[in-house]
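What follows is a short report on a single structure.
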Amino acid sequence: MAAAPRSGRLAVVLHLDGVLGPASADYFARGLATARSRGAVVVVLRLDTPGGLDTSMREMIKEIIASPVPVATYVAPGGARAASAGTYILFASHVAAMAPGTNLGAATPIEIGALPGLQPRETPVTPGAKGSPAAPKAEAPQPAVDTVKAKAINDAVAYIRALAELRGRNADWAERAVREAASLGAAAAARENVIDFTARDVAEVLKKTDGRRVIVDGALMTLSTGGLAIEELRPDWRHRLLAVLANPNVALILMMVGIYGLLFEFMNPGSLYPGVIGAISLLVGLYALAILPVNYVGLALVLVGIGLMVAEAYAPSFGVLGIGGVAAFLLGGMILIDTQAPGFALSLPLLASLAAMSLAFSLLVLRLAFVSRRRPVVSGREEMLNGFGRVLDWENGSGHVFTRSERWRAVSDAPLTPGNRVRTLAIDGLTLTVAPDDRDDPL
C-alpha cells in the first residue's frame with residue numbers, strides 16, 4: 001500500500017487478466033467512470049493478457065485517450081505479458097510500466113495467419129519484357145505481396161505508430177512488433193523507450209509516476225501521484241457473467257438448449273418448463289452472439305443444420321436431411337466466430353458432440369415413430385376389429401354380442417347360438433359383423 005493519503009487523494013487500480021473481449025471493455029469503461037466519479041488522481045491498469053478481440057481493444061484505447069483521468073498500465077505480476085492487443089493498450093496509456101520478468105510484443109494481427117492464400121505468390125520476371133527493366137541472369141522469382149495481408153498489416157502499423165508517437169515512445173520498435181512479431185522483456189523495453197520504467201509493485205509505479213508530464217485529454221499535465229491511497233476495483237458479478245457469456249462455446253450451447261426447449265414445448269403444449277427454460281436460454285445465447293464478432297453466414301448455416309436435423313424426425317428421408325444437417329451445422333460452427341483471437345475459437349469436439357447429439361435425437365424420434373406404427377391399435381373403431389366376444393342372444397341371423405365390456409347389435413352369415421364365441425369382422429354404424437371363432441381360451 002502507499003503512504004497515508006493527502007487530502008483524500010486516490011489511485012484506483014483495475015485488474016485485467018486473460019483474453020480481452022467485450023467483458024473486459026465493459027469492466028474497463030465502468031472502472032474509468034467510477035474513478036472519475038470518485039475524483040481519482042490516476043487509474044492503474046494491472047494487465048496480464050495474451051491478446052484479444054480487435055474491437056474490444058480499440059474500445060479500451062478510445063476510453064484511455066478520451067479519459068480526463070490519466071491511465072498508467074502496469075504489466076504484472078512477474079511472468080505476466082502484454083502480448084498482441086495488450087501491446088497496443090500499453091502504447092496508448094499515459095504511463096507504461098512493467099514488472100521484472102514480464103514481456104510485451106507479438107502485435108501482428110492474428111487473423112492474418114488464418115486467411116487463405118497468404119503464402120507468398122511467385123511472380124515470374126520475364127527478362128527484356130516490354131515496359132520492364134532487364135533482369136539479371138538466374139534472378140529468383142519475386143514474391144507478390146498479398147493485398148489483404150498488406151492492408152491488415154499497414155493498418156495495424158499505422159495505428160500502433162500513432163499511439164507510440166502520441167506518448168513519445170519508440171515508434172520504430174512498435175512497427176517491428178507488428179511486422180515482425182517482435183517481443184521484449186521488461187528491462188529491454190525500458191532501455192528501448194518502449195515503456196517508461198520498470199516497477200516491483202503498484203506503490204513503486206505511483207512513486208515513479210510522480211512528477212511526470214503527460215498529455216491528458218489533449219492538455220499537458222504534471223502528475224502528482226505521491227502519497228495516494230490505493231483502492232482496488234476488482235471485477236464484479238457483471239464482469240464475470242459477461243466473461244462467461246462472451247465465450248462462443250457457451251453461447252452456442254445456450255442457443256441449442258433454447259431451440260430444443262422450445263421444440264419440446266411445441267411438441268407437448270402446457271409442459272411449461274421446456275418452454276420457459278428454452279426461451280430464456282435462446283435469448284441469452286442470442287445476446288451473447290450479439291456481443292461477439294459473428295459471421296452471419298456461419299450463424300445461418302448453424303440454424304439451417306439444426307432445422308434439417310429436426311426435420312429428419314418429422315419427414316424421414318433415410319438420412320439425407322440428418323446428414324445434410326450435421327454437415328451444415330459443423331461447417332457453420334467452424335466459421336461462426338469471425339476472428340482467430342485466442343480464447344474465442346469454437347471447440348471442434350464441442351461442435352461434433354452437439355451435432356452428434358442432435359442427430360441422435362432425430363434418429364431416436366424416427367425410431368419411436370416406426371415402433372409406434374407397428375404397435376396394435378388400442379383405442380377407437382379400429383381397435384374393435386378382430387376383437388372377440390360372446391353371443392348374448394341370436395335369432396334369424398342377428399342378435400346381440402358382448403365385446404369390449406359393451407353390448408352391441410351384431411349380424412352374421414353363420415348360424416349362432418347364445419354363448420358362442422365370435423370375432424368382429426367389420427363395423428357399420430352401431431352394428432357389428434361377426435363370425436364364429438372356435439378357440440376355447442377365455443376372453
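Residue numbering restarts at 1 for every chain of the C-alpha cells, chains are lettered A, B, ... in their displayed order, and ligands are numbered from 1 as they appear.
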| said: I'd like the neighbourhood of A:Ala186 as a list in words, where a residue qualifies if any of its atoms comes within 7 Å (using only C-alpha atoms), though same-chain residues fewer than 2 positions away should be ignored. | reply: Met98, Ala99, Pro100, Gly101, Thr102, Asn103, Leu184, Ala188, Ala189, Ala190 and Thr198 of chain A
| field | 12 Å contact set for A:Pro415, only C-alpha atoms, chain neighbours under 3 positions out, as a count of residues only | value | 16
| said: Could you pull out the alpha helix (DSSP H) residues of stretch 265-427 of chain A, going by DSSP on the backbone, and write them as a ChimeraX atom specification? | reply: /A:265-267,273-290,296-314,320-334,348-374,381-384
| field | A:Glu231 surroundings by only C-alpha atoms, 9 Å radius, close-in-sequence under 5 positions cut, as an MDAnalysis selection string | value | chainID A and resid 10:14
Emit the selected residues as a PDB file, in the first residue's frame, including N, CA, C and O atoms.
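Just written: again.pdb:
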ATOM      1  N   LEU A  10      -6.718   9.789  -4.324  1.00  0.00           N
ATOM      2  CA  LEU A  10      -6.975   8.366  -4.557  1.00  0.00           C
ATOM      3  C   LEU A  10      -6.374   7.891  -5.866  1.00  0.00           C
ATOM      4  O   LEU A  10      -6.374   8.616  -6.868  1.00  0.00           O
ATOM      5  N   ALA A  11      -5.851   6.660  -5.855  1.00  0.00           N
ATOM      6  CA  ALA A  11      -5.443   5.950  -7.068  1.00  0.00           C
ATOM      7  C   ALA A  11      -6.296   4.689  -7.161  1.00  0.00           C
ATOM      8  O   ALA A  11      -6.334   3.888  -6.222  1.00  0.00           O
ATOM      9  N   VAL A  12      -6.987   4.532  -8.290  1.00  0.00           N
ATOM     10  CA  VAL A  12      -7.844   3.377  -8.493  1.00  0.00           C
ATOM     11  C   VAL A  12      -7.085   2.333  -9.307  1.00  0.00           C
ATOM     12  O   VAL A  12      -6.503   2.653 -10.352  1.00  0.00           O
ATOM     13  N   VAL A  13      -7.082   1.089  -8.836  1.00  0.00           N
ATOM     14  CA  VAL A  13      -6.379   0.000  -9.512  1.00  0.00           C
ATOM     15  C   VAL A  13      -7.406  -0.947 -10.123  1.00  0.00           C
ATOM     16  O   VAL A  13      -8.284  -1.465  -9.420  1.00  0.00           O
ATOM     17  N   LEU A  14      -7.304  -1.153 -11.429  1.00  0.00           N
ATOM     18  CA  LEU A  14      -8.151  -2.100 -12.151  1.00  0.00           C
ATOM     19  C   LEU A  14      -7.331  -3.329 -12.518  1.00  0.00           C
ATOM     20  O   LEU A  14      -6.122  -3.220 -12.733  1.00  0.00           O
TER      21      LEU A  14
END
